[in-house]
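For reference, work.tsv is printed below; it contains TSV, C-alpha atoms and all ligand atoms.
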chain	number	residue	atom	x	y	z
F	1	MET	CA	-49.08	-52.48	-21.63
F	2	ARG	CA	-45.55	-53.39	-20.58
F	3	LEU	CA	-43.01	-50.69	-21.29
F	4	VAL	CA	-39.31	-50.19	-20.81
F	5	LEU	CA	-38.11	-46.57	-20.70
F	6	LEU	CA	-34.55	-46.23	-21.91
F	7	GLY	CA	-32.49	-43.05	-22.03
F	8	PRO	CA	-29.92	-40.95	-20.20
F	9	PRO	CA	-30.53	-39.41	-16.80
F	10	GLY	CA	-32.59	-36.25	-17.27
F	11	ALA	CA	-34.38	-37.60	-20.35
F	12	GLY	CA	-37.75	-37.29	-18.60
F	13	LYS	CA	-38.37	-41.02	-18.07
F	14	GLY	CA	-39.60	-40.68	-14.50
F	15	THR	CA	-41.92	-37.75	-15.26
F	16	LEU	CA	-43.49	-39.55	-18.21
F	17	ALA	CA	-43.78	-42.80	-16.26
F	18	GLN	CA	-45.72	-40.99	-13.51
F	19	VAL	CA	-48.22	-39.67	-16.09
F	20	LEU	CA	-48.59	-42.88	-18.14
F	21	SER	CA	-48.89	-45.21	-15.16
F	22	LYS	CA	-51.89	-43.17	-13.96
F	23	ASP	CA	-53.46	-42.89	-17.44
F	24	TRP	CA	-53.16	-46.60	-18.14
F	25	ASN	CA	-53.47	-47.93	-14.60
F	26	VAL	CA	-50.21	-49.88	-14.73
F	27	VAL	CA	-47.45	-50.00	-12.13
F	28	HIS	CA	-44.47	-47.67	-12.27
F	29	VAL	CA	-41.32	-49.59	-11.39
F	30	SER	CA	-38.41	-47.21	-10.83
F	31	THR	CA	-35.26	-48.89	-9.55
F	32	GLY	CA	-33.88	-45.46	-8.57
F	33	ASP	CA	-36.97	-44.79	-6.38
F	34	MET	CA	-36.80	-48.28	-4.87
F	35	LEU	CA	-33.13	-47.85	-4.01
F	36	ARG	CA	-33.69	-44.36	-2.56
F	37	GLU	CA	-36.52	-45.75	-0.42
F	38	ALA	CA	-34.25	-48.57	0.81
F	39	LEU	CA	-31.58	-45.98	1.61
F	40	LYS	CA	-34.05	-43.76	3.48
F	41	ASN	CA	-35.14	-46.76	5.57
F	42	ARG	CA	-31.50	-47.77	6.12
F	43	THR	CA	-32.14	-51.37	5.05
F	44	PRO	CA	-29.05	-53.56	4.44
F	45	LEU	CA	-29.72	-53.34	0.71
F	46	GLY	CA	-30.01	-49.54	0.87
F	47	LEU	CA	-26.76	-49.26	2.77
F	48	LYS	CA	-25.00	-51.48	0.22
F	49	ALA	CA	-26.26	-49.25	-2.61
F	50	LYS	CA	-25.46	-45.93	-0.90
F	51	ALA	CA	-21.88	-45.28	-2.05
F	52	PHE	CA	-22.60	-46.34	-5.64
F	53	MET	CA	-25.59	-44.01	-5.89
F	54	GLU	CA	-23.90	-41.02	-4.29
F	55	ASN	CA	-20.96	-41.33	-6.68
F	56	GLY	CA	-23.10	-41.69	-9.79
F	57	LYS	CA	-22.06	-45.33	-10.32
F	58	LEU	CA	-24.35	-48.25	-11.05
F	59	VAL	CA	-25.44	-50.43	-8.16
F	60	PRO	CA	-24.30	-54.05	-8.79
F	61	ASP	CA	-26.52	-56.00	-11.20
F	62	GLU	CA	-27.50	-58.73	-8.73
F	63	ILE	CA	-29.01	-56.16	-6.33
F	64	VAL	CA	-31.24	-54.42	-8.87
F	65	ILE	CA	-32.15	-57.62	-10.71
F	66	GLY	CA	-33.38	-59.08	-7.41
F	67	LEU	CA	-35.45	-55.97	-6.68
F	68	VAL	CA	-37.15	-55.98	-10.08
F	69	SER	CA	-37.80	-59.73	-10.18
F	70	GLU	CA	-39.51	-59.52	-6.81
F	71	ARG	CA	-41.59	-56.52	-7.88
F	72	LEU	CA	-42.81	-58.16	-11.11
F	73	LEU	CA	-44.09	-61.13	-9.13
F	74	LYS	CA	-46.59	-58.97	-7.25
F	75	LYS	CA	-50.21	-59.29	-8.30
F	76	ASP	CA	-50.61	-55.65	-9.47
F	77	ALA	CA	-47.87	-56.09	-12.12
F	78	GLU	CA	-50.20	-58.43	-14.01
F	79	ARG	CA	-52.13	-55.33	-15.19
F	80	GLY	CA	-48.95	-54.08	-16.86
F	81	PHE	CA	-45.86	-52.11	-15.87
F	82	ILE	CA	-43.52	-49.33	-16.84
F	83	LEU	CA	-39.87	-50.06	-16.10
F	84	ASP	CA	-38.07	-46.77	-15.50
F	85	GLY	CA	-34.29	-46.92	-15.13
F	86	PHE	CA	-34.08	-50.69	-15.58
F	87	PRO	CA	-32.43	-52.40	-17.37
F	88	ARG	CA	-29.28	-50.32	-17.36
F	89	THR	CA	-26.75	-52.96	-18.47
F	90	VAL	CA	-26.82	-55.75	-21.05
F	91	GLU	CA	-26.60	-58.23	-18.17
F	92	GLN	CA	-29.75	-56.75	-16.61
F	93	ALA	CA	-31.55	-56.85	-19.98
F	94	LYS	CA	-30.72	-60.55	-20.39
F	95	GLU	CA	-32.01	-61.33	-16.89
F	96	LEU	CA	-35.16	-59.34	-17.60
F	97	ASP	CA	-35.71	-61.37	-20.78
F	98	LYS	CA	-35.53	-64.58	-18.75
F	99	GLU	CA	-37.87	-63.26	-16.08
F	100	ILE	CA	-40.61	-62.05	-18.43
F	101	LYS	CA	-40.42	-65.28	-20.39
F	102	LYS	CA	-41.05	-67.21	-17.17
F	103	LEU	CA	-43.92	-64.90	-16.27
F	104	LYS	CA	-45.29	-64.90	-19.85
F	105	MET	CA	-45.36	-61.10	-19.82
F	106	PRO	CA	-43.50	-59.97	-22.96
F	107	ILE	CA	-42.38	-56.35	-23.32
F	108	THR	CA	-44.77	-54.39	-25.57
F	109	THR	CA	-42.19	-51.79	-26.56
F	110	VAL	CA	-39.02	-50.03	-25.43
F	111	LEU	CA	-39.18	-46.25	-25.60
F	112	TYR	CA	-35.78	-44.74	-26.27
F	113	PHE	CA	-35.64	-41.08	-25.24
F	114	LYS	CA	-33.31	-39.33	-27.65
F	115	THR	CA	-32.32	-36.22	-25.67
F	116	SER	CA	-29.82	-33.42	-26.27
F	117	LEU	CA	-27.08	-32.61	-23.75
F	118	PRO	CA	-28.16	-29.02	-22.91
F	119	VAL	CA	-31.70	-30.25	-22.13
F	120	ILE	CA	-30.33	-33.05	-19.91
F	121	ILE	CA	-28.11	-30.64	-17.95
F	122	ARG	CA	-30.94	-28.07	-17.56
F	123	ARG	CA	-33.37	-30.71	-16.29
F	124	LEU	CA	-30.99	-32.38	-13.86
F	125	SER	CA	-29.51	-29.22	-12.38
F	126	GLY	CA	-33.00	-27.67	-11.86
F	127	ARG	CA	-34.61	-30.81	-10.47
F	128	ARG	CA	-35.85	-30.73	-6.87
F	129	VAL	CA	-37.42	-33.65	-5.03
F	130	CYS	CA	-39.57	-33.93	-1.95
F	131	GLN	CA	-37.55	-35.36	0.91
F	132	ASN	CA	-40.69	-36.95	2.28
F	133	CYS	CA	-42.74	-38.40	-0.62
F	134	GLY	CA	-40.23	-38.28	-3.50
F	135	LYS	CA	-42.37	-36.16	-5.85
F	136	ASN	CA	-40.31	-34.40	-8.53
F	137	TYR	CA	-40.30	-30.66	-9.37
F	138	HIS	CA	-38.21	-28.34	-11.49
F	139	VAL	CA	-37.21	-24.83	-10.46
F	140	THR	CA	-38.53	-23.29	-13.71
F	141	ASN	CA	-40.34	-25.99	-15.74
F	142	PHE	CA	-42.46	-27.35	-12.89
F	143	PRO	CA	-42.13	-25.24	-9.75
F	144	PRO	CA	-44.12	-25.99	-6.57
F	145	LYS	CA	-46.84	-23.53	-5.48
F	146	ALA	CA	-44.75	-22.42	-2.49
F	147	GLN	CA	-40.99	-22.27	-2.95
F	148	GLY	CA	-39.16	-25.23	-1.41
F	149	VAL	CA	-42.35	-26.96	-0.25
F	150	CYS	CA	-44.01	-30.05	-1.77
F	151	ASP	CA	-47.56	-29.38	-3.08
F	152	ALA	CA	-48.58	-32.96	-2.34
F	153	CYS	CA	-47.43	-33.47	1.26
F	154	GLY	CA	-45.84	-30.24	2.54
F	155	GLY	CA	-42.40	-31.94	2.72
F	156	LYS	CA	-39.14	-30.07	2.14
F	157	LEU	CA	-37.79	-29.95	-1.42
F	158	ILE	CA	-34.11	-30.73	-1.84
F	159	GLN	CA	-31.62	-31.28	-4.65
F	160	ARG	CA	-30.71	-34.96	-5.05
F	161	PRO	CA	-27.05	-35.42	-4.04
F	162	ASP	CA	-26.40	-37.11	-7.39
F	163	ASP	CA	-27.83	-34.12	-9.30
F	164	LYS	CA	-24.78	-32.00	-8.32
F	165	GLU	CA	-22.63	-31.01	-11.29
F	166	GLU	CA	-19.66	-33.36	-10.68
F	167	THR	CA	-21.92	-36.39	-10.23
F	168	ILE	CA	-24.05	-35.56	-13.29
F	169	GLU	CA	-20.88	-35.80	-15.40
F	170	GLU	CA	-20.08	-39.25	-13.96
F	171	ARG	CA	-23.66	-40.50	-14.47
F	172	LEU	CA	-23.56	-39.45	-18.13
F	173	LYS	CA	-20.26	-41.27	-18.64
F	174	VAL	CA	-21.68	-44.40	-17.01
F	175	TYR	CA	-24.77	-44.13	-19.23
F	176	GLU	CA	-22.65	-43.99	-22.39
F	177	LYS	CA	-20.50	-46.94	-21.38
F	178	GLU	CA	-22.95	-49.30	-19.67
F	179	THR	CA	-26.47	-48.38	-20.79
F	180	SER	CA	-26.29	-47.00	-24.33
F	181	PRO	CA	-25.44	-50.49	-25.78
F	182	LEU	CA	-29.05	-51.37	-24.93
F	183	VAL	CA	-30.21	-49.24	-27.86
F	184	ASP	CA	-28.73	-51.80	-30.25
F	185	TYR	CA	-29.79	-54.68	-28.05
F	186	TYR	CA	-33.47	-53.70	-28.29
F	187	LYS	CA	-33.17	-52.64	-31.93
F	188	LYS	CA	-32.13	-56.21	-32.71
F	189	GLU	CA	-35.11	-57.51	-30.75
F	190	LYS	CA	-37.30	-55.15	-32.85
F	191	LEU	CA	-38.70	-53.52	-29.74
F	192	LEU	CA	-37.10	-50.08	-29.95
F	193	GLN	CA	-39.27	-47.01	-30.49
F	194	GLU	CA	-37.37	-43.72	-30.54
F	195	VAL	CA	-39.11	-40.72	-28.93
F	196	PRO	CA	-38.06	-37.06	-28.80
F	197	GLY	CA	-36.85	-36.65	-25.20
F	198	ASP	CA	-36.41	-32.89	-25.59
F	199	LEU	CA	-40.19	-32.40	-25.69
F	200	ASP	CA	-41.95	-31.53	-22.46
F	201	VAL	CA	-44.08	-34.18	-20.83
F	202	GLN	CA	-47.46	-32.97	-22.21
F	203	GLU	CA	-46.20	-32.79	-25.79
F	204	LEU	CA	-44.51	-36.15	-25.44
F	205	GLY	CA	-47.65	-37.75	-23.97
F	206	THR	CA	-49.70	-36.60	-26.98
F	207	HIS	CA	-47.00	-37.77	-29.41
F	208	LEU	CA	-46.92	-41.20	-27.75
F	209	ASN	CA	-50.67	-41.68	-27.70
F	210	GLU	CA	-50.62	-41.07	-31.48
F	211	ILE	CA	-47.81	-43.59	-32.02
F	212	PHE	CA	-49.46	-46.21	-29.81
F	213	LYS	CA	-52.84	-45.75	-31.49
F	214	LYS	CA	-51.27	-46.08	-34.94
F	215	LYS	CA	-49.46	-49.26	-33.92
F	216	GLY	CA	-52.50	-50.68	-32.12
F	217	LEU	CA	-50.52	-50.92	-28.88
F	218	LEU	CA	-52.97	-49.17	-26.57
F	219	ASP	CA	-54.86	-52.32	-25.69
F	220	ARG	CA	-51.96	-54.73	-25.58
O	1	LIG	P1	-32.27	-42.91	-11.20
O	1	LIG	O1	-33.23	-42.37	-10.20
O	1	LIG	O2	-32.89	-43.87	-12.18
O	1	LIG	O3	-31.47	-41.83	-11.89
O	1	LIG	O4	-31.21	-43.79	-10.38
O	1	LIG	C1	-30.41	-43.20	-9.37
O	1	LIG	C2	-29.23	-44.11	-9.07
O	1	LIG	O5	-29.67	-45.39	-8.60
O	1	LIG	C3	-28.33	-44.43	-10.26
O	1	LIG	O6	-27.39	-43.43	-10.54
O	1	LIG	C4	-27.69	-45.74	-9.80
O	1	LIG	O7	-26.69	-45.50	-8.83
O	1	LIG	C5	-28.85	-46.43	-9.10
O	1	LIG	N1	-29.64	-47.25	-10.06
O	1	LIG	C6	-30.94	-47.06	-10.43
O	1	LIG	N2	-31.34	-48.01	-11.30
O	1	LIG	C7	-30.27	-48.81	-11.48
O	1	LIG	C8	-30.02	-49.96	-12.30
O	1	LIG	N3	-30.97	-50.47	-13.09
O	1	LIG	N4	-28.80	-50.54	-12.24
O	1	LIG	C9	-27.84	-50.06	-11.42
O	1	LIG	N5	-27.99	-48.97	-10.65
O	1	LIG	C10	-29.19	-48.34	-10.67
Output the file's structure in the form of structure tokens.
Ligand code: AMP
Amino acid sequence: MRLVLLGPPGAGKGTLAQVLSKDWNVVHVSTGDMLREALKNRTPLGLKAKAFMENGKLVPDEIVIGLVSERLLKKDAERGFILDGFPRTVEQAKELDKEIKKLKMPITTVLYFKTSLPVIIRRLSGRRVCQNCGKNYHVTNFPPKAQGVCDACGGKLIQRPDDKEETIEERLKVYEKETSPLVDYYKKEKLLQEVPGDLDVQELGTHLNEIFKKKGLLDR
């Protein structure tokens, strides 16, 4: 199974990818997580990406394309992958097409999370992440057992700097301008599968398993 998750920030792509990658034993490739990790470790790449990320802008194409190409070459990606947050521009999608052609690993389907604005705002403003391991929570939808503390590693939960109100607005604008053209791009390639992004992750998981079974995609 080789999936691309497409949709605005707050659509639930990361949460679903965490669940599906475990269920199907495929790798979860999140460019946002990779960039945050690089930033945490203060690598040259992380430092280059910092200002773009903090201001809700896209990191330049060549940086993220390089990261993803390298990741897809690793042995574990042969089992399948879920791309979460990549591609985000038409340029990135074209480069991805070239890469997967070289690797002979065609995309099975692109899930497009159709999500309403109030749901996006509620999810992003209530999101908390573990400073240590990066696990995601939500103040009401998915709270930790102890307030402010990660269930998995005991790390401190914080609000991502780019989940503050002003930056959310910028990220949504960038999504409309740069990323939403990918809906048509993948429609033309006959890969687009629309899914209801307003559903919570359990409901969506069930919905998807039904779609995939019907289309015979589960063992591809
Ligand atoms: P995310 O965790 O997917 O919301 O990504 C957080 C931030 O990382 C974005 O707002 C961008 O600044 C950067 N980023 C993640 N993926 C990409 C991408 N494919 N292209 C450009 N920038 C990205």
Report as CSV: every residue of region 117-150 of chain F with an atom at most 6 Å from region 2-15 of chain F, its closest pair of atoms, and their distance in Å to one decimal, counting all atoms listed in the file, with rows sorted by chain and ascending residue number.
residue,atom,partner,partner_atom,distance
F:Ile120,CA,F:Gly10,CA,4.7
F:Arg123,CA,F:Gly10,CA,5.7
F:Leu124,CA,F:Gly10,CA,5.4
Step by step, measure atom-to-atom distances between ligand LIG 1 (chain O) and each residue using only C-alpha atoms and all ligand atoms, keep those at most 8 Å, then write them as JSON, numbers by chain. {"F": [9, 10, 14, 30, 31, 32, 33, 35, 36, 49, 52, 53, 54, 55, 56, 57, 58, 59, 60, 61, 64, 65, 84, 85, 86, 87, 88, 89, 92, 162, 171]}
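Atom pair CA of Lys145 (chain F) / CA of Ile168 (chain F): separated by 26.9 Å.
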Could you jot down the CA of Glu178 (chain F) to CA of Phe81 (chain F) separation for me, Å, one decimal place?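 Between CA of Glu178 (chain F) and CA of Phe81 (chain F) the gap works out to 23.4 Å.
Each of F:Leu103, F:Val174, F:Leu16, F:Val139 was compared to Gly197 (chain F) using all atoms listed in the file, and F:Leu16 turns out to be the nearest.
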